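> Let me begin by handing over the structure; questions about it come next.
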Amino acid sequence: MVLPDTVFEHGPDPENPGWRHWNLKDQTLFNGAVMGKLITRVDEDGRSRLRMFPERRHENLQGIIHGAVSLSLIDISLFTTMHTIGTGNAGPSVTLELSTQFVGGGDPKRPLDAVCEIVRETGSLVFVRGSVVQEEDVICAFSGIVKKMRPRPLPQ
């Protein structure tokens, strides 16, 4: 499924050469309302990278990036990975499984990246693994499975 330009912004990001937007045009939906600006690219090694720019609202009481923010970035990254280095079919799809190991605290003053690779893609499933990083610092390791859904017919 091609992501329609009427609901999704995925063009080049002039502020970050080599990166593309990954934003819903309706900023009241989860991605925009909670995560803020998201950008993506494919790294030279062929892995997909999704970047967010943490703000004060993304911190927990310890002054580090809240775990739920990292989990949300990971979940969104599964779909950017499908779109950028998979078959391109990022929707309609749903996350079936997400396993995450938190190994460090995220610094809210630095961009947060989810770096992913596809382990295997079948006709209906995509198996992804990756890590959430800030430069060389690893925040999380993860793996996830996404189910590609077939569009449902409209009720008559």
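Convention: chains lettered A, B, ... in structure tokens order; per-chain residue numbering from 1; ligands numbered from 1 as shown.
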May I have the residues within 10 Å of A:Val146 as a short mmCIF file (atom, residue, chain, number, x, y, z; two decimals) with N, CA, C and O atoms, in the first residue's frame, using only C-alpha atoms and disregarding those fewer than 3 positions away in the same chain?


```
data_model
loop_
_atom_site.label_atom_id
_atom_site.label_comp_id
_atom_site.auth_asym_id
_atom_site.auth_seq_id
_atom_site.Cartn_x
_atom_site.Cartn_y
_atom_site.Cartn_z
N ASP A 75 8.06 0.83 18.11
CA ASP A 75 6.87 0.38 17.39
C ASP A 75 6.74 1.09 16.05
O ASP A 75 6.52 0.44 15.02
N LEU A 78 9.19 -0.18 13.36
CA LEU A 78 8.85 -1.43 12.65
C LEU A 78 8.22 -1.11 11.30
O LEU A 78 8.52 -1.76 10.29
N PHE A 79 7.39 -0.09 11.27
CA PHE A 79 6.67 0.28 10.05
C PHE A 79 7.55 1.08 9.09
O PHE A 79 7.45 0.90 7.88
N MET A 82 9.61 -1.56 7.38
CA MET A 82 8.85 -2.24 6.32
C MET A 82 8.80 -1.37 5.07
O MET A 82 8.96 -1.86 3.95
N ALA A 90 3.80 -0.81 4.21
CA ALA A 90 3.80 -0.49 5.63
C ALA A 90 2.39 -0.38 6.21
O ALA A 90 2.22 -0.06 7.37
N SER A 93 -1.21 -2.59 8.67
CA SER A 93 -0.45 -3.61 9.39
C SER A 93 -0.64 -3.39 10.88
O SER A 93 -1.00 -2.31 11.31
N VAL A 94 -0.32 -4.43 11.66
CA VAL A 94 -0.39 -4.33 13.11
C VAL A 94 0.81 -5.02 13.73
O VAL A 94 1.33 -5.99 13.18
N THR A 95 1.22 -4.53 14.88
CA THR A 95 2.30 -5.17 15.63
C THR A 95 1.73 -6.38 16.34
O THR A 95 0.77 -6.26 17.10
N LEU A 96 2.33 -7.55 16.09
CA LEU A 96 1.91 -8.78 16.79
C LEU A 96 2.69 -8.99 18.07
O LEU A 96 2.15 -9.47 19.06
N GLU A 97 3.99 -8.69 18.00
CA GLU A 97 4.85 -8.94 19.15
C GLU A 97 5.97 -7.91 19.19
O GLU A 97 6.48 -7.51 18.15
N LEU A 98 6.32 -7.52 20.40
CA LEU A 98 7.44 -6.60 20.58
C LEU A 98 8.16 -7.00 21.86
O LEU A 98 7.57 -7.02 22.94
N GLU A 121 11.01 -11.53 5.81
CA GLU A 121 9.70 -11.01 5.42
C GLU A 121 9.00 -12.07 4.59
O GLU A 121 9.57 -12.60 3.63
N SER A 124 2.86 -12.36 4.71
CA SER A 124 1.99 -11.75 5.71
C SER A 124 2.69 -11.29 6.98
O SER A 124 2.08 -10.63 7.81
N LEU A 125 3.97 -11.63 7.17
CA LEU A 125 4.68 -11.27 8.40
C LEU A 125 6.02 -10.61 8.08
O LEU A 125 6.66 -10.95 7.08
N VAL A 126 6.44 -9.72 8.98
CA VAL A 126 7.77 -9.12 8.88
C VAL A 126 8.41 -9.25 10.27
O VAL A 126 7.83 -8.83 11.27
N PHE A 127 9.60 -9.84 10.30
CA PHE A 127 10.36 -10.02 11.53
C PHE A 127 11.50 -9.00 11.53
O PHE A 127 12.32 -8.99 10.61
N VAL A 128 11.50 -8.13 12.54
CA VAL A 128 12.45 -7.02 12.60
C VAL A 128 13.23 -7.11 13.91
O VAL A 128 12.69 -7.51 14.94
N MET A 149 -1.85 -6.70 7.08
CA MET A 149 -3.29 -6.95 6.99
C MET A 149 -3.76 -6.71 5.58
O MET A 149 -3.25 -5.84 4.88
#
```

> As a list in words, please: all residues of chain A that backbone DSSP puts in helix (DSSP H, G or I).

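In chain A, DSSP puts these residues in helix (DSSP H, G or I): Phe30, Asn31, Gly32, Ala33, Val34, Met35, Arg56, Arg57, His58, Gly67, Ala68, Val69, Ser70, Leu71, Ser72, Leu73, Ile74, Asp75, Ile76, Ser77, Leu78, Phe79, Thr80, Thr81, Met82, His83, Thr84 and Ile85 of chain A.
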
> What's around A:Cys116 at 7 Å? Count only C-alpha atoms, leave out sequence neighbours fewer than 4 positions away in its own chain, and write the answer as a PyMOL selection string.

chain A and resi 47-49+81+128-131

> Would you put the residues from that selection into a file with N, CA, C and O atoms, as a compact mmCIF listing (two decimals), in the first residue's frame?


```txt
# COMPACT_ATOMS: atom_id res chain seq x y z
N ARG A 47 20.57 -0.70 6.85
CA ARG A 47 19.60 -0.71 7.95
C ARG A 47 18.75 0.56 7.90
O ARG A 47 19.19 1.61 7.46
N SER A 48 17.53 0.45 8.38
CA SER A 48 16.60 1.57 8.46
C SER A 48 16.84 2.30 9.77
O SER A 48 17.04 1.67 10.81
N ARG A 49 16.77 3.63 9.73
CA ARG A 49 16.97 4.45 10.93
C ARG A 49 15.81 5.44 11.05
O ARG A 49 15.51 6.17 10.12
N THR A 81 10.67 0.61 8.84
CA THR A 81 11.55 -0.43 8.29
C THR A 81 10.86 -1.18 7.17
O THR A 81 11.45 -1.41 6.11
N VAL A 128 11.50 -8.13 12.54
CA VAL A 128 12.45 -7.02 12.60
C VAL A 128 13.23 -7.11 13.91
O VAL A 128 12.69 -7.51 14.94
N ARG A 129 14.51 -6.71 13.85
CA ARG A 129 15.28 -6.56 15.08
C ARG A 129 16.10 -5.28 14.99
O ARG A 129 16.38 -4.80 13.89
N GLY A 130 16.45 -4.75 16.16
CA GLY A 130 17.21 -3.52 16.13
C GLY A 130 17.61 -3.04 17.50
O GLY A 130 17.51 -3.77 18.49
N SER A 131 18.04 -1.78 17.53
CA SER A 131 18.43 -1.16 18.79
C SER A 131 18.05 0.31 18.75
O SER A 131 17.94 0.92 17.69
```

> Which residues, written as a list in words, have at least one atom at most 10 Å from A:Leu73, with only C-alpha atoms counted and residues fewer than 3 positions away on the same chain left out?

Asn31, Met35, Leu38, Leu50, Arg51, Met52, Gly67, Ala68, Val69, Ser70, Ile76, Ser77, Leu78, Leu112, Asp113, Ala114 and Val132 of chain A

> Please, could you write that set of residues out with all heavy atoms as a CSV table (one decimal), in the first residue's frame?


```csv
chain,number,residue,atom,x,y,z
A,31,ASN,N,1.4,9.9,16.6
A,31,ASN,CA,2.8,10.2,16.2
A,31,ASN,C,3.1,11.6,16.4
A,31,ASN,O,4.1,11.9,17.1
A,31,ASN,CB,3.0,9.8,14.7
A,31,ASN,CG,3.0,8.3,14.5
A,31,ASN,OD1,2.6,7.5,15.3
A,31,ASN,ND2,3.6,7.9,13.4
A,35,MET,N,5.0,12.0,19.9
A,35,MET,CA,6.4,11.8,19.5
A,35,MET,C,7.0,13.1,19.0
A,35,MET,O,8.2,13.3,19.1
A,35,MET,CB,6.5,10.7,18.5
A,35,MET,CG,6.0,9.4,19.0
A,35,MET,SD,6.8,8.8,20.5
A,35,MET,CE,8.4,8.3,19.8
A,38,LEU,N,9.4,13.3,13.3
A,38,LEU,CA,10.2,12.0,13.1
A,38,LEU,C,10.8,12.1,11.7
A,38,LEU,O,10.1,12.5,10.8
A,38,LEU,CB,9.2,10.8,13.2
A,38,LEU,CG,8.5,10.6,14.5
A,38,LEU,CD1,7.4,9.5,14.4
A,38,LEU,CD2,9.6,10.2,15.6
A,50,LEU,N,15.2,5.4,12.2
A,50,LEU,CA,14.1,6.4,12.5
A,50,LEU,C,14.6,7.3,13.7
A,50,LEU,O,15.0,6.7,14.7
A,50,LEU,CB,12.8,5.7,12.9
A,50,LEU,CG,11.7,6.6,13.4
A,50,LEU,CD1,11.1,7.4,12.2
A,50,LEU,CD2,10.5,5.7,13.9
A,51,ARG,N,14.5,8.6,13.5
A,51,ARG,CA,15.0,9.5,14.5
A,51,ARG,C,13.9,10.4,15.1
A,51,ARG,O,13.0,10.9,14.3
A,51,ARG,CB,16.1,10.4,13.9
A,51,ARG,CG,16.6,11.5,14.9
A,51,ARG,CD,17.8,12.2,14.3
A,51,ARG,NE,18.9,11.3,14.4
A,51,ARG,CZ,20.2,11.5,14.0
A,51,ARG,NH1,20.4,12.6,13.3
A,51,ARG,NH2,21.1,10.6,14.2
A,52,MET,N,13.9,10.6,16.4
A,52,MET,CA,13.1,11.6,17.0
A,52,MET,C,13.9,12.6,17.8
A,52,MET,O,15.1,12.3,18.0
A,52,MET,CB,12.1,10.9,18.0
A,52,MET,CG,12.7,10.3,19.3
A,52,MET,SD,11.5,9.9,20.6
A,52,MET,CE,10.9,11.5,21.0
A,67,GLY,N,10.6,5.4,29.3
A,67,GLY,CA,10.6,4.1,28.6
A,67,GLY,C,9.4,3.9,27.6
A,67,GLY,O,9.6,3.3,26.5
A,68,ALA,N,8.3,4.5,27.9
A,68,ALA,CA,7.1,4.5,26.9
A,68,ALA,C,7.5,5.2,25.6
A,68,ALA,O,7.0,4.8,24.5
A,68,ALA,CB,5.9,5.0,27.6
A,69,VAL,N,8.3,6.2,25.7
A,69,VAL,CA,8.7,7.0,24.5
A,69,VAL,C,9.6,6.1,23.6
A,69,VAL,O,9.4,6.0,22.4
A,69,VAL,CB,9.4,8.3,24.9
A,69,VAL,CG1,10.0,8.9,23.6
A,69,VAL,CG2,8.4,9.2,25.6
A,70,SER,N,10.5,5.4,24.3
A,70,SER,CA,11.4,4.5,23.6
A,70,SER,C,10.6,3.3,22.9
A,70,SER,O,10.8,3.0,21.8
A,70,SER,CB,12.5,3.9,24.5
A,70,SER,OG,13.3,4.9,25.0
A,76,ILE,N,6.9,2.4,16.0
A,76,ILE,CA,6.8,3.1,14.8
A,76,ILE,C,7.9,2.7,13.8
A,76,ILE,O,7.7,2.6,12.6
A,76,ILE,CB,6.9,4.7,15.1
A,76,ILE,CG1,5.6,5.1,15.9
A,76,ILE,CG2,6.9,5.4,13.7
A,76,ILE,CD1,5.7,6.5,16.5
A,77,SER,N,9.1,2.4,14.4
A,77,SER,CA,10.3,2.0,13.5
A,77,SER,C,10.0,0.7,12.8
A,77,SER,O,10.6,0.5,11.7
A,77,SER,CB,11.5,1.9,14.3
A,77,SER,OG,11.6,0.7,15.1
A,78,LEU,N,9.2,-0.2,13.4
A,78,LEU,CA,8.9,-1.4,12.7
A,78,LEU,C,8.2,-1.1,11.3
A,78,LEU,O,8.5,-1.8,10.3
A,78,LEU,CB,7.9,-2.3,13.5
A,78,LEU,CG,8.4,-2.7,14.9
A,78,LEU,CD1,7.3,-3.5,15.6
A,78,LEU,CD2,9.6,-3.6,14.8
A,112,LEU,N,17.2,10.6,19.4
A,112,LEU,CA,17.1,9.2,19.7
A,112,LEU,C,16.7,8.4,18.4
A,112,LEU,O,15.8,8.8,17.8
A,112,LEU,CB,15.9,9.1,20.7
A,112,LEU,CG,15.7,7.7,21.4
A,112,LEU,CD1,16.9,7.3,22.3
A,112,LEU,CD2,14.4,7.7,22.2
A,113,ASP,N,17.5,7.4,18.1
A,113,ASP,CA,17.4,6.7,16.9
A,113,ASP,C,17.0,5.2,17.1
A,113,ASP,O,17.6,4.6,18.0
A,113,ASP,CB,18.7,6.7,16.1
A,113,ASP,CG,19.1,8.0,15.6
A,113,ASP,OD1,18.4,9.0,15.7
A,113,ASP,OD2,20.2,8.1,15.0
A,114,ALA,N,16.1,4.7,16.3
A,114,ALA,CA,15.8,3.3,16.3
A,114,ALA,C,16.4,2.8,15.0
A,114,ALA,O,16.1,3.3,13.9
A,114,ALA,CB,14.3,3.0,16.3
A,132,VAL,N,17.8,0.9,19.9
A,132,VAL,CA,17.6,2.3,20.1
A,132,VAL,C,18.9,2.9,20.6
A,132,VAL,O,19.5,2.4,21.6
A,132,VAL,CB,16.5,2.6,21.0
A,132,VAL,CG1,16.3,4.1,21.3
A,132,VAL,CG2,15.2,2.0,20.5
```

> Can you work out which one of A:Val133, A:Val7, A:Val34, A:Ala141 has the shortest atom-to-atom distance to A:Ser72, counting only C-alpha atoms?

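Going through A:Val133, A:Val7, A:Val34, A:Ala141 one by one, the smallest distance to A:Ser72 is for A:Val34.
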
> In Å, how far is it from atom CA of A:Gly36 to atom CA of A:Ile85?

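Between atom CA of A:Gly36 and atom CA of A:Ile85 the gap works out to 23.1 Å.
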
> Using only C-alpha atoms for the distances, tell me which of A:Gln62, A:Asn23, A:Thr84, A:Asn16 is nearest to A:Val42.

A:Thr84

> Determine the nearest neighbour of A:Arg120 from the options A:Asn60, A:Gln27, A:Thr87, A:Thr6, counting only C-alpha atoms.

A:Thr87

> Give me the residues within 6 Å of stretch 9-11 of chain A as a ChimeraX atom specification, counting only C-alpha atoms and dropping any in the same chain fewer than 2 places off.

/A:20-24

> Write a file of the selected residues as a short mmCIF file (atom, residue, chain, number, x, y, z; two decimals), in the first residue's frame, keeping C-alpha atoms.


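Final file, again11.cif:
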```cif
data_model
loop_
_atom_site.label_atom_id
_atom_site.label_comp_id
_atom_site.auth_asym_id
_atom_site.auth_seq_id
_atom_site.Cartn_x
_atom_site.Cartn_y
_atom_site.Cartn_z
CA ARG A 20 12.95 12.00 4.92
CA HIS A 21 9.94 13.00 7.01
CA TRP A 22 7.87 10.26 8.66
CA ASN A 23 4.94 12.28 9.94
CA LEU A 24 1.18 12.13 9.82
#
```

> Could you check the closest approach to A:Glu136 for each of A:Gly106, A:Thr122, A:Lys148, A:Ser99 and tell me which residue wins, using only C-alpha atoms?

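Counting only C-alpha atoms, the residue closest to A:Glu136 is A:Gly106.
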
> So that I can check the surroundings of A:Ile64, please list as a PyMOL selection string every protein, DNA and RNA residue that reaches within 10 Å of it, counting only C-alpha atoms and ignoring chain neighbours fewer than 3 positions away.

chain A and resi 54+56+58-61+67+104-109

> Go ahead and write the selection's residues with N, CA, C and O atoms as an mmCIF file, in the first residue's frame.


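Generated output (selection-v1.cif):
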```cif
data_model
loop_
_atom_site.group_PDB
_atom_site.id
_atom_site.type_symbol
_atom_site.label_atom_id
_atom_site.label_comp_id
_atom_site.auth_asym_id
_atom_site.auth_seq_id
_atom_site.Cartn_x
_atom_site.Cartn_y
_atom_site.Cartn_z
ATOM 1 N N PRO A 54 13.934 14.344 21.225
ATOM 2 C CA PRO A 54 13.278 14.410 22.538
ATOM 3 C C PRO A 54 13.084 15.849 23.026
ATOM 4 O O PRO A 54 13.888 16.742 22.740
ATOM 5 N N ARG A 56 11.168 18.071 26.608
ATOM 6 C CA ARG A 56 10.886 17.941 28.050
ATOM 7 C C ARG A 56 9.737 16.971 28.304
ATOM 8 O O ARG A 56 9.788 16.180 29.230
ATOM 9 N N HIS A 58 9.040 14.325 27.000
ATOM 10 C CA HIS A 58 9.442 12.936 26.829
ATOM 11 C C HIS A 58 10.248 12.400 28.009
ATOM 12 O O HIS A 58 10.640 11.236 28.017
ATOM 13 N N GLU A 59 10.484 13.223 29.020
ATOM 14 C CA GLU A 59 11.281 12.827 30.182
ATOM 15 C C GLU A 59 10.408 12.192 31.266
ATOM 16 O O GLU A 59 9.234 12.507 31.410
ATOM 17 N N ASN A 60 11.048 11.318 32.059
ATOM 18 C CA ASN A 60 10.386 10.798 33.246
ATOM 19 C C ASN A 60 10.874 11.589 34.462
ATOM 20 O O ASN A 60 11.591 12.583 34.311
ATOM 21 N N LEU A 61 10.508 11.161 35.658
ATOM 22 C CA LEU A 61 10.882 11.897 36.865
ATOM 23 C C LEU A 61 12.379 11.867 37.139
ATOM 24 O O LEU A 61 12.884 12.679 37.906
ATOM 25 N N GLY A 67 10.555 5.353 29.272
ATOM 26 C CA GLY A 67 10.557 4.068 28.570
ATOM 27 C C GLY A 67 9.435 3.938 27.560
ATOM 28 O O GLY A 67 9.607 3.319 26.508
ATOM 29 N N GLY A 104 20.031 1.033 28.991
ATOM 30 C CA GLY A 104 20.594 2.322 29.367
ATOM 31 C C GLY A 104 19.523 3.389 29.372
ATOM 32 O O GLY A 104 18.425 3.180 28.863
ATOM 33 N N GLY A 105 19.844 4.527 29.951
ATOM 34 C CA GLY A 105 18.909 5.646 30.001
ATOM 35 C C GLY A 105 19.157 6.608 28.850
ATOM 36 O O GLY A 105 20.303 6.899 28.507
ATOM 37 N N GLY A 106 18.071 7.099 28.262
ATOM 38 C CA GLY A 106 18.180 8.027 27.148
ATOM 39 C C GLY A 106 18.355 9.463 27.612
ATOM 40 O O GLY A 106 17.675 9.913 28.536
ATOM 41 N N ASP A 107 19.256 10.173 26.954
ATOM 42 C CA ASP A 107 19.544 11.573 27.250
ATOM 43 C C ASP A 107 18.566 12.453 26.468
ATOM 44 O O ASP A 107 18.588 12.458 25.234
ATOM 45 N N PRO A 108 17.708 13.213 27.135
ATOM 46 C CA PRO A 108 16.707 14.012 26.428
ATOM 47 C C PRO A 108 17.298 15.171 25.617
ATOM 48 O O PRO A 108 16.576 15.820 24.871
ATOM 49 N N LYS A 109 18.584 15.402 25.721
ATOM 50 C CA LYS A 109 19.212 16.496 24.969
ATOM 51 C C LYS A 109 19.792 16.031 23.638
ATOM 52 O O LYS A 109 20.300 16.847 22.875
#
```

> Nearest to A:Thr80 among A:Leu29, A:Glu117, A:Glu15, A:Glu135, with distances taken over only C-alpha atoms: which residue is it?

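Closest candidate: A:Glu117.
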
> Would you work out the distance separating atom CA of A:Lys25 from atom CA of A:Phe142, expressed in Å to one decimal?

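Computing the Euclidean distance for atom CA of A:Lys25 and atom CA of A:Phe142 yields 28.0 Å.
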
> So which residues of chain A fall under strand (DSSP E) by DSSP, listed as a count of residues only?

58
